[in-house]
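Structure file upload10.cif (mmCIF, C-alpha atoms) follows.
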```cif
data_start
loop_
_atom_site.label_atom_id
_atom_site.label_comp_id
_atom_site.auth_asym_id
_atom_site.auth_seq_id
_atom_site.Cartn_x
_atom_site.Cartn_y
_atom_site.Cartn_z
CA MET A 1 -53.83 4.10 2.61
CA ARG A 2 -53.15 7.04 0.35
CA THR A 3 -55.74 9.78 0.29
CA SER A 4 -56.05 12.10 -2.61
CA SER A 5 -56.74 15.76 -2.30
CA THR A 6 -57.20 18.48 -4.81
CA SER A 7 -54.67 21.28 -4.74
CA PRO A 8 -56.28 24.57 -3.72
CA MET A 9 -54.40 26.24 -6.55
CA LYS A 10 -56.26 24.10 -9.10
CA ASP A 11 -59.63 25.06 -7.63
CA GLU A 12 -58.99 28.79 -7.79
CA GLU A 13 -60.53 30.86 -10.52
CA PRO A 14 -58.03 32.45 -12.91
CA ARG A 15 -57.39 36.06 -11.95
CA ASN A 16 -59.27 38.50 -14.11
CA TRP A 17 -57.11 41.63 -14.32
CA VAL A 18 -60.04 43.61 -15.66
CA ASP A 19 -61.75 43.24 -12.28
CA LEU A 20 -58.98 45.07 -10.41
CA PRO A 21 -60.00 48.42 -8.92
CA SER A 22 -59.40 51.18 -11.45
CA GLU A 23 -57.08 53.00 -9.02
CA LEU A 24 -54.81 49.95 -8.82
CA THR A 25 -54.92 49.36 -12.56
CA SER A 26 -53.90 52.95 -13.23
CA LEU A 27 -50.92 52.57 -10.87
CA ILE A 28 -49.82 49.53 -12.89
CA LEU A 29 -50.39 51.04 -16.33
CA ILE A 30 -48.69 54.33 -15.53
CA ARG A 31 -45.41 52.42 -15.19
CA LEU A 32 -45.51 51.53 -18.87
CA SER A 33 -43.84 53.64 -21.54
CA VAL A 34 -45.85 56.15 -23.55
CA THR A 35 -45.77 53.95 -26.66
CA ASP A 36 -46.74 50.82 -24.70
CA ILE A 37 -49.82 52.58 -23.36
CA LEU A 38 -50.81 54.15 -26.67
CA ASP A 39 -50.07 51.13 -28.87
CA ASN A 40 -51.00 48.25 -26.58
CA ALA A 41 -52.51 48.78 -23.14
CA ARG A 42 -55.40 50.99 -24.17
CA LYS A 43 -56.44 48.43 -26.80
CA VAL A 44 -56.75 45.51 -24.38
CA CYS A 45 -60.30 46.18 -23.17
CA SER A 46 -62.81 48.94 -22.56
CA PRO A 47 -61.94 49.46 -18.85
CA TRP A 48 -58.24 49.81 -19.68
CA ARG A 49 -59.03 52.16 -22.53
CA ARG A 50 -61.12 54.29 -20.19
CA ILE A 51 -58.27 54.42 -17.64
CA CYS A 52 -55.72 55.27 -20.33
CA LYS A 53 -57.87 58.22 -21.42
CA ASP A 54 -57.88 59.70 -17.92
CA PRO A 55 -55.87 62.97 -17.96
CA SER A 56 -54.27 62.03 -14.63
CA MET A 57 -52.37 59.29 -16.50
CA TRP A 58 -50.66 61.97 -18.57
CA ARG A 59 -49.36 64.47 -16.02
CA LYS A 60 -45.84 63.28 -16.86
CA ILE A 61 -44.64 62.21 -20.31
CA ASP A 62 -41.18 60.70 -20.69
CA MET A 63 -40.08 59.99 -24.26
CA ARG A 64 -36.36 60.59 -23.66
CA ASP A 65 -34.17 58.06 -25.51
CA LEU A 66 -37.30 56.16 -26.53
CA ALA A 67 -36.65 56.84 -30.21
CA ASN A 68 -33.18 55.29 -29.96
CA ARG A 69 -34.37 52.20 -28.13
CA ARG A 70 -37.12 51.59 -30.68
CA MET A 71 -35.39 52.94 -33.77
CA PHE A 72 -36.16 49.80 -35.74
CA LYS A 73 -39.88 50.09 -35.03
CA TYR A 74 -40.64 53.81 -34.94
CA ASN A 75 -39.40 56.72 -37.02
CA ALA A 76 -39.28 60.37 -35.98
CA TYR A 77 -42.65 61.11 -37.57
CA SER A 78 -44.42 58.34 -35.65
CA MET A 79 -42.75 59.43 -32.40
CA ARG A 80 -43.97 63.00 -32.91
CA ARG A 81 -47.47 61.68 -33.58
CA ARG A 82 -47.44 59.66 -30.38
CA CYS A 83 -46.18 62.65 -28.45
CA ARG A 84 -49.05 64.75 -29.76
CA ASP A 85 -51.51 62.02 -28.77
CA ALA A 86 -50.09 61.96 -25.24
CA VAL A 87 -50.27 65.76 -24.97
CA ASP A 88 -53.90 65.69 -26.15
CA LEU A 89 -54.77 63.04 -23.57
CA SER A 90 -53.40 65.28 -20.80
CA GLN A 91 -56.15 67.82 -21.62
CA GLY A 92 -53.99 70.74 -20.53
CA GLY A 93 -52.87 69.07 -17.30
CA LEU A 94 -49.34 68.16 -18.44
CA LEU A 95 -46.80 69.04 -15.74
CA GLU A 96 -43.59 67.37 -16.93
CA ILE A 97 -42.31 66.27 -20.33
CA LYS A 98 -39.01 64.84 -21.54
CA ILE A 99 -38.52 64.47 -25.28
CA ASP A 100 -35.68 63.44 -27.54
CA ARG A 101 -34.24 64.20 -30.96
CA PHE A 102 -37.50 63.61 -32.80
CA VAL A 103 -38.76 67.01 -31.59
CA ASN A 104 -39.12 69.76 -34.19
CA ASP A 105 -40.49 73.31 -34.25
CA SER A 106 -43.99 72.11 -35.04
CA LEU A 107 -44.10 69.69 -32.12
CA LEU A 108 -42.58 72.29 -29.81
CA SER A 109 -45.33 74.75 -30.72
CA TYR A 110 -47.97 72.03 -30.35
CA ILE A 111 -46.83 71.29 -26.80
CA ALA A 112 -46.55 74.98 -25.91
CA ASP A 113 -50.06 75.81 -27.14
CA ARG A 114 -51.66 72.99 -25.12
CA SER A 115 -49.62 72.80 -21.92
CA SER A 116 -49.73 76.15 -20.16
CA ASN A 117 -49.41 74.42 -16.75
CA LEU A 118 -46.08 72.77 -17.60
CA LYS A 119 -43.53 72.91 -14.77
CA SER A 120 -40.67 70.75 -16.09
CA PHE A 121 -39.26 70.45 -19.63
CA ALA A 122 -36.25 68.47 -20.94
CA LEU A 123 -35.36 68.65 -24.64
CA PRO A 124 -32.48 68.72 -27.14
CA VAL A 125 -31.42 71.93 -28.83
CA CYS A 126 -30.08 70.80 -32.20
CA TYR A 127 -30.73 71.27 -35.90
CA PRO A 128 -32.88 70.12 -37.64
CA SER A 129 -34.91 69.42 -34.51
CA ILE A 130 -35.05 73.12 -33.59
CA THR A 131 -34.67 75.60 -36.44
CA THR A 132 -33.78 78.73 -34.47
CA ILE A 133 -33.18 79.68 -30.87
CA GLU A 134 -35.98 82.27 -31.27
CA GLU A 135 -38.47 79.45 -31.88
CA LEU A 136 -37.31 77.80 -28.68
CA VAL A 137 -37.57 80.96 -26.59
CA ASN A 138 -41.03 81.78 -28.01
CA ALA A 139 -42.26 78.32 -27.10
CA ILE A 140 -40.79 78.38 -23.59
CA ALA A 141 -42.36 81.78 -22.96
CA LYS A 142 -45.77 80.06 -23.17
CA PHE A 143 -45.03 78.11 -19.97
CA PRO A 144 -45.60 80.74 -17.23
CA PHE A 145 -45.23 78.19 -14.41
CA LEU A 146 -42.07 76.48 -15.68
CA GLU A 147 -39.71 75.68 -12.81
CA THR A 148 -37.32 73.09 -14.29
CA LEU A 149 -35.57 73.29 -17.65
CA GLU A 150 -33.02 70.85 -19.06
CA PHE A 151 -31.10 71.20 -22.33
CA PHE A 152 -28.83 68.71 -24.10
CA ASP A 153 -27.33 68.06 -27.58
CA PHE A 154 -26.35 71.61 -28.43
CA LEU A 155 -25.83 72.90 -31.94
CA PHE A 156 -26.93 76.44 -31.10
CA ILE A 157 -25.59 79.29 -28.99
CA LEU A 158 -28.20 79.56 -26.27
CA ASP A 159 -29.61 82.98 -25.44
CA LEU A 160 -29.72 82.28 -21.72
CA LYS A 161 -30.78 85.79 -20.83
CA ALA A 162 -33.83 85.57 -23.11
CA ILE A 163 -34.63 82.15 -21.70
CA GLY A 164 -34.33 83.46 -18.15
CA HIS A 165 -36.67 86.38 -18.84
CA ALA A 166 -39.12 83.98 -20.49
CA CYS A 167 -39.14 81.77 -17.36
CA PRO A 168 -39.48 84.09 -14.34
CA GLN A 169 -40.22 81.18 -11.97
CA LEU A 170 -37.30 78.98 -13.08
CA LYS A 171 -35.77 77.18 -10.09
CA THR A 172 -33.76 74.40 -11.74
CA LEU A 173 -31.59 74.72 -14.84
CA LYS A 174 -29.59 71.80 -16.24
CA ILE A 175 -27.38 72.28 -19.29
CA ASN A 176 -25.15 69.69 -20.91
CA PHE A 177 -22.74 71.62 -23.12
CA SER A 178 -21.46 68.46 -24.82
CA GLY A 179 -20.85 69.16 -28.52
CA TYR A 180 -21.35 72.88 -27.96
CA THR A 181 -18.95 75.70 -27.13
CA PRO A 182 -18.21 75.15 -23.42
CA CYS A 183 -19.99 77.32 -20.90
CA ASP A 184 -18.12 80.58 -20.35
CA ASP A 185 -18.39 83.67 -18.18
CA ASP A 186 -20.87 85.34 -20.57
CA ASP A 187 -23.25 82.41 -20.07
CA ALA A 188 -22.81 82.62 -16.30
CA ILE A 189 -23.47 86.36 -16.30
CA ALA A 190 -26.59 85.85 -18.45
CA ILE A 191 -27.85 83.31 -15.90
CA ALA A 192 -27.05 85.65 -13.01
CA GLU A 193 -28.86 88.59 -14.62
CA SER A 194 -32.05 86.76 -15.60
CA MET A 195 -32.62 83.83 -13.22
CA PRO A 196 -32.73 85.18 -9.65
CA GLU A 197 -35.00 82.38 -8.39
CA LEU A 198 -32.59 79.51 -9.20
CA ARG A 199 -32.14 76.84 -6.52
CA GLN A 200 -30.42 74.16 -8.60
CA LEU A 201 -27.90 74.78 -11.40
CA GLN A 202 -26.04 72.16 -13.42
CA LEU A 203 -23.48 73.19 -16.05
CA MET A 204 -21.90 70.10 -17.60
CA GLY A 205 -18.92 70.82 -19.87
CA ASN A 206 -17.87 74.22 -18.54
CA GLY A 207 -14.23 74.47 -19.59
CA ARG A 208 -14.28 78.26 -20.00
CA LEU A 209 -16.02 79.17 -16.78
CA THR A 210 -13.81 81.18 -14.39
CA ASP A 211 -14.24 82.75 -10.98
CA THR A 212 -15.70 85.85 -12.69
CA GLY A 213 -18.68 83.82 -13.87
CA LEU A 214 -18.98 81.90 -10.63
CA ASN A 215 -19.01 85.09 -8.59
CA ALA A 216 -21.67 86.54 -10.88
CA ILE A 217 -23.85 83.48 -10.28
CA ARG A 218 -23.27 83.71 -6.55
CA ASP A 219 -24.33 87.36 -6.47
CA GLY A 220 -27.18 87.14 -8.97
CA CYS A 221 -28.77 83.91 -7.67
CA PRO A 222 -29.14 84.46 -3.91
CA HIS A 223 -31.36 81.39 -3.41
CA LEU A 224 -28.97 78.92 -5.06
CA GLU A 225 -28.57 75.73 -3.03
CA HIS A 226 -26.79 73.36 -5.43
CA LEU A 227 -24.24 74.04 -8.17
CA ASP A 228 -23.01 71.12 -10.28
CA ARG A 229 -20.23 72.27 -12.64
CA ARG A 230 -18.52 69.02 -13.61
CA ASP A 231 -16.53 68.95 -16.81
CA GLU A 232 -16.54 66.12 -19.35
CA SER A 233 -12.78 66.02 -19.77
CA PRO A 234 -10.22 65.32 -17.01
CA GLY A 235 -10.46 68.39 -14.81
CA ASP A 236 -7.44 70.61 -14.46
CA HIS A 237 -6.28 71.86 -11.09
CA ASP A 238 -6.88 75.55 -11.85
CA ARG A 239 -10.61 75.09 -12.44
CA HIS A 240 -10.98 73.21 -9.19
CA GLU A 241 -9.13 75.96 -7.32
CA ILE A 242 -11.39 78.60 -8.85
CA VAL A 243 -14.46 76.79 -7.54
CA THR A 244 -12.91 76.48 -4.09
CA ARG A 245 -12.01 80.16 -3.87
CA ALA A 246 -15.36 81.31 -5.21
CA SER A 247 -17.25 79.10 -2.79
CA ASP A 248 -15.41 79.84 0.48
CA CYS A 249 -18.40 81.73 1.88
CA ASP A 250 -21.13 80.36 -0.34
CA PRO A 251 -24.14 78.73 1.33
CA TYR A 252 -24.79 76.31 -1.52
CA GLU A 253 -23.40 72.88 -2.26
CA ILE A 254 -20.86 72.67 -5.10
CA ILE A 255 -19.97 69.53 -7.02
CA ILE A 256 -16.77 69.60 -9.05
CA GLY A 257 -14.74 67.11 -11.03
CA CYS A 258 -15.29 64.99 -14.12
CA SER A 259 -18.60 63.43 -15.12
#
```

Write out the structure in this file as structure tokens.
Amino acid sequence: MRTSSTSPMKDEEPRNWVDLPSELTSLILIRLSVTDILDNARKVCSPWRRICKDPSMWRKIDMRDLANRRMFKYNAYSMRRRCRDAVDLSQGGLLEIKIDRFVNDSLLSYIADRSSNLKSFALPVCYPSITTIEELVNAIAKFPFLETLEFFDFLFILDLKAIGHACPQLKTLKINFSGYTPCDDDDAIAIAESMPELRQLQLMGNGRLTDTGLNAIRDGCPHLEHLDRRDESPGDHDRHEIVTRASDCDPYEIIIGCS
């Protein structure tokens, strides 16, 4: 005789995601992109909207490459608007931000005026995104606690000494010199003279850097622990030998070779 039974799965109530503890919901939502939160998640229901307005959700803002991935949906203007919204939601508590080519002088100033606690900043340095290097330095100078700075997409000669003086607590500097005059000894000396607190230094595309610059960095950055000086083109033997000679007695780790 066959007995029938009801599957427990059919008797269960559908899960109501709104009833999840707010702490768990925030851990789920924070994994979404900035645009997904602003355009979708916060419009689902009142509890989600309340969570998405919490400043703790906006300690870190990553909009790097987002414009490229969504180029058919968003233009630069709309990306800048969303970035401003995210900065406003942080209520001054923003600690880390990564932005892409949609940045301009106005957005840079907007971030600088509202994010005095910022510790990490990654951005392109290219026209028309940034009009002058002075605008960039003036904005960076408004981040007194900045510890990590990353530059890419160069179309300017960076004033690294001015940047170093503007960021007295800088501990990590990453520069991708792709499309820009390769890093040379003058850049290295500027770093050595203005960034004594550096622990991590990455100089990608450094075809003109010699042992003179490397020795200046070694002497001027006594706390340096990690130096990444990979080139973008097939590395020549001489550059590798220079790194080896300059690092014989250095306490920090050096990465060489091609990226």

Residues returned when the PyMOL selection byres ((chain A and resi 167-172) around 12) runs on this file, as a PDB file with C-alpha atoms, in the coordinates of the input:
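Result went into selection_6.pdb, see below:
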```pdb
ATOM      1  CA  LEU A 118     -46.080  72.770 -17.600  1.00  0.00           C
ATOM      2  CA  LYS A 119     -43.530  72.910 -14.770  1.00  0.00           C
ATOM      3  CA  SER A 120     -40.670  70.750 -16.090  1.00  0.00           C
ATOM      4  CA  PHE A 121     -39.260  70.450 -19.630  1.00  0.00           C
ATOM      5  CA  ALA A 122     -36.250  68.470 -20.940  1.00  0.00           C
ATOM      6  CA  VAL A 137     -37.570  80.960 -26.590  1.00  0.00           C
ATOM      7  CA  ASN A 138     -41.030  81.780 -28.010  1.00  0.00           C
ATOM      8  CA  ALA A 139     -42.260  78.320 -27.100  1.00  0.00           C
ATOM      9  CA  ILE A 140     -40.790  78.380 -23.590  1.00  0.00           C
ATOM     10  CA  ALA A 141     -42.360  81.780 -22.960  1.00  0.00           C
ATOM     11  CA  LYS A 142     -45.770  80.060 -23.170  1.00  0.00           C
ATOM     12  CA  PHE A 143     -45.030  78.110 -19.970  1.00  0.00           C
ATOM     13  CA  PRO A 144     -45.600  80.740 -17.230  1.00  0.00           C
ATOM     14  CA  PHE A 145     -45.230  78.190 -14.410  1.00  0.00           C
ATOM     15  CA  LEU A 146     -42.070  76.480 -15.680  1.00  0.00           C
ATOM     16  CA  GLU A 147     -39.710  75.680 -12.810  1.00  0.00           C
ATOM     17  CA  THR A 148     -37.320  73.090 -14.290  1.00  0.00           C
ATOM     18  CA  LEU A 149     -35.570  73.290 -17.650  1.00  0.00           C
ATOM     19  CA  GLU A 150     -33.020  70.850 -19.060  1.00  0.00           C
ATOM     20  CA  PHE A 151     -31.100  71.200 -22.330  1.00  0.00           C
ATOM     21  CA  LEU A 160     -29.720  82.280 -21.720  1.00  0.00           C
ATOM     22  CA  LYS A 161     -30.780  85.790 -20.830  1.00  0.00           C
ATOM     23  CA  ALA A 162     -33.830  85.570 -23.110  1.00  0.00           C
ATOM     24  CA  ILE A 163     -34.630  82.150 -21.700  1.00  0.00           C
ATOM     25  CA  GLY A 164     -34.330  83.460 -18.150  1.00  0.00           C
ATOM     26  CA  HIS A 165     -36.670  86.380 -18.840  1.00  0.00           C
ATOM     27  CA  ALA A 166     -39.120  83.980 -20.490  1.00  0.00           C
ATOM     28  CA  LEU A 173     -31.590  74.720 -14.840  1.00  0.00           C
ATOM     29  CA  LYS A 174     -29.590  71.800 -16.240  1.00  0.00           C
ATOM     30  CA  ILE A 175     -27.380  72.280 -19.290  1.00  0.00           C
ATOM     31  CA  ILE A 191     -27.850  83.310 -15.900  1.00  0.00           C
ATOM     32  CA  GLU A 193     -28.860  88.590 -14.620  1.00  0.00           C
ATOM     33  CA  SER A 194     -32.050  86.760 -15.600  1.00  0.00           C
ATOM     34  CA  MET A 195     -32.620  83.830 -13.220  1.00  0.00           C
ATOM     35  CA  PRO A 196     -32.730  85.180  -9.650  1.00  0.00           C
ATOM     36  CA  GLU A 197     -35.000  82.380  -8.390  1.00  0.00           C
ATOM     37  CA  LEU A 198     -32.590  79.510  -9.200  1.00  0.00           C
ATOM     38  CA  ARG A 199     -32.140  76.840  -6.520  1.00  0.00           C
ATOM     39  CA  GLN A 200     -30.420  74.160  -8.600  1.00  0.00           C
ATOM     40  CA  LEU A 201     -27.900  74.780 -11.400  1.00  0.00           C
ATOM     41  CA  GLN A 202     -26.040  72.160 -13.420  1.00  0.00           C
ATOM     42  CA  LEU A 203     -23.480  73.190 -16.050  1.00  0.00           C
ATOM     43  CA  CYS A 221     -28.770  83.910  -7.670  1.00  0.00           C
ATOM     44  CA  PRO A 222     -29.140  84.460  -3.910  1.00  0.00           C
ATOM     45  CA  HIS A 223     -31.360  81.390  -3.410  1.00  0.00           C
ATOM     46  CA  LEU A 224     -28.970  78.920  -5.060  1.00  0.00           C
ATOM     47  CA  GLU A 225     -28.570  75.730  -3.030  1.00  0.00           C
ATOM     48  CA  HIS A 226     -26.790  73.360  -5.430  1.00  0.00           C
ATOM     49  CA  LEU A 227     -24.240  74.040  -8.170  1.00  0.00           C
ATOM     50  CA  ASP A 228     -23.010  71.120 -10.280  1.00  0.00           C
TER      51      ASP A 228
END
```

Original post:
Residues at most 9 Å from Val87 of chain A, counting only C-alpha atoms, excluding those fewer than 4 positions away in the same chain, as an NGL selection string?
Top reply: :A and (58 or 61 or 82-83 or 91-94 or 110-111 or 114-115)

Original post:
Just how far from atom CA of Gly213 of chain A is atom CA of Asp186 of chain A, in Å to one decimal?
Top reply: 7.2 Å

Subject >> Å distance separating atom CA of Ile99 of chain A from atom CA of Arg42 of chain A, one decimal place >> reply: 21.6 Å

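When only C-alpha atoms are used to compute distances to Leu95 of chain A, the closest of the residues A:Asn75, A:Thr25, A:Ser116, A:Thr131 turns out to be A:Ser116.
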
Subject >> Among the residues A:Ile51, A:Met204, A:Met63, A:Cys45, the one that comes closest to Leu29 of chain A [using only C-alpha atoms] >> reply: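 For Leu29 of chain A, the nearest of the candidates is A:Ile51.
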
**OP:** Measure the distance from atom CA of Ala216 of chain A to atom CA of Cys126 of chain A in Å and round it to one decimal.
**Re:**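 A separation of 27.8 Å between them.
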
Original post:
Closest to Ser22 of chain A among A:Cys52, A:Val34, A:Leu136, A:Ile189, using all atoms listed in the file?
Top reply: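 Closest candidate: A:Cys52.
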
Within 10 Å of (-35.8, 74.1, -34.2) in the file's own coordinates, which protein, DNA or RNA residues have an atom, counting only C-alpha atoms? List them as a compact mmCIF listing (two decimals) with C-alpha atoms, keeping the file's coordinate frame.
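Just written: out38.txt:
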```txt
# COMPACT_ATOMS: atom_id res chain seq x y z
CA VAL A 103 -38.76 67.01 -31.59
CA ASN A 104 -39.12 69.76 -34.19
CA ASP A 105 -40.49 73.31 -34.25
CA SER A 106 -43.99 72.11 -35.04
CA LEU A 107 -44.10 69.69 -32.12
CA LEU A 108 -42.58 72.29 -29.81
CA PRO A 124 -32.48 68.72 -27.14
CA VAL A 125 -31.42 71.93 -28.83
CA CYS A 126 -30.08 70.80 -32.20
CA TYR A 127 -30.73 71.27 -35.90
CA PRO A 128 -32.88 70.12 -37.64
CA SER A 129 -34.91 69.42 -34.51
CA ILE A 130 -35.05 73.12 -33.59
CA THR A 131 -34.67 75.60 -36.44
CA THR A 132 -33.78 78.73 -34.47
CA ILE A 133 -33.18 79.68 -30.87
CA GLU A 134 -35.98 82.27 -31.27
CA GLU A 135 -38.47 79.45 -31.88
CA LEU A 136 -37.31 77.80 -28.68
CA PHE A 156 -26.93 76.44 -31.10
```

**OP:** Name the closest residue to Phe152 of chain A among the candidates A:Asp185, A:Ala112, A:Asp219, A:Lys98; distances are taken between atoms, counting all atoms listed in the file.
**Re:**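 Checking each candidate against Phe152 of chain A, we get A:Lys98 as the closest.
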
Can you rebuild segment 119-135 of chain A with N, CA, C and O atoms and give it as a PDB file, in the coordinates of the input?
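And here is the file that came out, result_33.pdb:
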```
ATOM      1  N   LYS A 119     -44.492  72.476 -15.778  1.00  0.00           N
ATOM      2  CA  LYS A 119     -43.530  72.910 -14.770  1.00  0.00           C
ATOM      3  C   LYS A 119     -42.110  72.395 -15.038  1.00  0.00           C
ATOM      4  O   LYS A 119     -41.145  72.955 -14.506  1.00  0.00           O
ATOM      5  N   SER A 120     -41.986  71.327 -15.846  1.00  0.00           N
ATOM      6  CA  SER A 120     -40.670  70.750 -16.090  1.00  0.00           C
ATOM      7  C   SER A 120     -40.558  70.324 -17.549  1.00  0.00           C
ATOM      8  O   SER A 120     -41.433  69.642 -18.072  1.00  0.00           O
ATOM      9  N   PHE A 121     -39.441  70.720 -18.201  1.00  0.00           N
ATOM     10  CA  PHE A 121     -39.260  70.450 -19.630  1.00  0.00           C
ATOM     11  C   PHE A 121     -37.803  70.066 -19.875  1.00  0.00           C
ATOM     12  O   PHE A 121     -36.882  70.776 -19.466  1.00  0.00           O
ATOM     13  N   ALA A 122     -37.587  68.914 -20.540  1.00  0.00           N
ATOM     14  CA  ALA A 122     -36.250  68.470 -20.940  1.00  0.00           C
ATOM     15  C   ALA A 122     -36.279  68.204 -22.433  1.00  0.00           C
ATOM     16  O   ALA A 122     -37.131  67.458 -22.915  1.00  0.00           O
ATOM     17  N   LEU A 123     -35.343  68.795 -23.184  1.00  0.00           N
ATOM     18  CA  LEU A 123     -35.360  68.650 -24.640  1.00  0.00           C
ATOM     19  C   LEU A 123     -33.982  68.938 -25.228  1.00  0.00           C
ATOM     20  O   LEU A 123     -33.159  69.611 -24.609  1.00  0.00           O
ATOM     21  N   PRO A 124     -33.740  68.410 -26.441  1.00  0.00           N
ATOM     22  CA  PRO A 124     -32.480  68.720 -27.140  1.00  0.00           C
ATOM     23  C   PRO A 124     -32.582  70.059 -27.847  1.00  0.00           C
ATOM     24  O   PRO A 124     -33.682  70.519 -28.157  1.00  0.00           O
ATOM     25  N   VAL A 125     -31.451  70.684 -28.075  1.00  0.00           N
ATOM     26  CA  VAL A 125     -31.420  71.930 -28.830  1.00  0.00           C
ATOM     27  C   VAL A 125     -30.462  71.724 -29.996  1.00  0.00           C
ATOM     28  O   VAL A 125     -29.281  72.036 -29.917  1.00  0.00           O
ATOM     29  N   CYS A 126     -30.949  71.131 -31.080  1.00  0.00           N
ATOM     30  CA  CYS A 126     -30.080  70.800 -32.200  1.00  0.00           C
ATOM     31  C   CYS A 126     -30.859  70.892 -33.507  1.00  0.00           C
ATOM     32  O   CYS A 126     -32.064  70.690 -33.546  1.00  0.00           O
ATOM     33  N   TYR A 127     -30.147  71.215 -34.558  1.00  0.00           N
ATOM     34  CA  TYR A 127     -30.730  71.270 -35.900  1.00  0.00           C
ATOM     35  C   TYR A 127     -30.654  69.869 -36.520  1.00  0.00           C
ATOM     36  O   TYR A 127     -29.670  69.164 -36.321  1.00  0.00           O
ATOM     37  N   PRO A 128     -31.682  69.390 -37.234  1.00  0.00           N
ATOM     38  CA  PRO A 128     -32.880  70.120 -37.640  1.00  0.00           C
ATOM     39  C   PRO A 128     -34.033  70.071 -36.654  1.00  0.00           C
ATOM     40  O   PRO A 128     -35.126  70.521 -36.975  1.00  0.00           O
ATOM     41  N   SER A 129     -33.801  69.513 -35.470  1.00  0.00           N
ATOM     42  CA  SER A 129     -34.910  69.420 -34.510  1.00  0.00           C
ATOM     43  C   SER A 129     -35.493  70.805 -34.212  1.00  0.00           C
ATOM     44  O   SER A 129     -36.707  71.003 -34.286  1.00  0.00           O
ATOM     45  N   ILE A 130     -34.628  71.745 -33.851  1.00  0.00           N
ATOM     46  CA  ILE A 130     -35.050  73.120 -33.590  1.00  0.00           C
ATOM     47  C   ILE A 130     -34.401  74.010 -34.640  1.00  0.00           C
ATOM     48  O   ILE A 130     -33.191  73.992 -34.816  1.00  0.00           O
ATOM     49  N   THR A 131     -35.194  74.791 -35.348  1.00  0.00           N
ATOM     50  CA  THR A 131     -34.670  75.600 -36.440  1.00  0.00           C
ATOM     51  C   THR A 131     -33.884  76.800 -35.944  1.00  0.00           C
ATOM     52  O   THR A 131     -32.778  77.076 -36.406  1.00  0.00           O
ATOM     53  N   THR A 132     -34.449  77.546 -34.996  1.00  0.00           N
ATOM     54  CA  THR A 132     -33.780  78.730 -34.470  1.00  0.00           C
ATOM     55  C   THR A 132     -33.966  78.799 -32.960  1.00  0.00           C
ATOM     56  O   THR A 132     -34.922  78.241 -32.401  1.00  0.00           O
ATOM     57  N   ILE A 133     -33.065  79.506 -32.311  1.00  0.00           N
ATOM     58  CA  ILE A 133     -33.180  79.680 -30.870  1.00  0.00           C
ATOM     59  C   ILE A 133     -34.392  80.545 -30.536  1.00  0.00           C
ATOM     60  O   ILE A 133     -34.998  80.423 -29.472  1.00  0.00           O
ATOM     61  N   GLU A 134     -34.798  81.440 -31.482  1.00  0.00           N
ATOM     62  CA  GLU A 134     -35.980  82.270 -31.270  1.00  0.00           C
ATOM     63  C   GLU A 134     -37.239  81.417 -31.146  1.00  0.00           C
ATOM     64  O   GLU A 134     -38.125  81.708 -30.324  1.00  0.00           O
ATOM     65  N   GLU A 135     -37.325  80.365 -31.965  1.00  0.00           N
ATOM     66  CA  GLU A 135     -38.470  79.450 -31.880  1.00  0.00           C
ATOM     67  C   GLU A 135     -38.525  78.812 -30.499  1.00  0.00           C
ATOM     68  O   GLU A 135     -39.604  78.656 -29.913  1.00  0.00           O
TER      69      GLU A 135
END
```
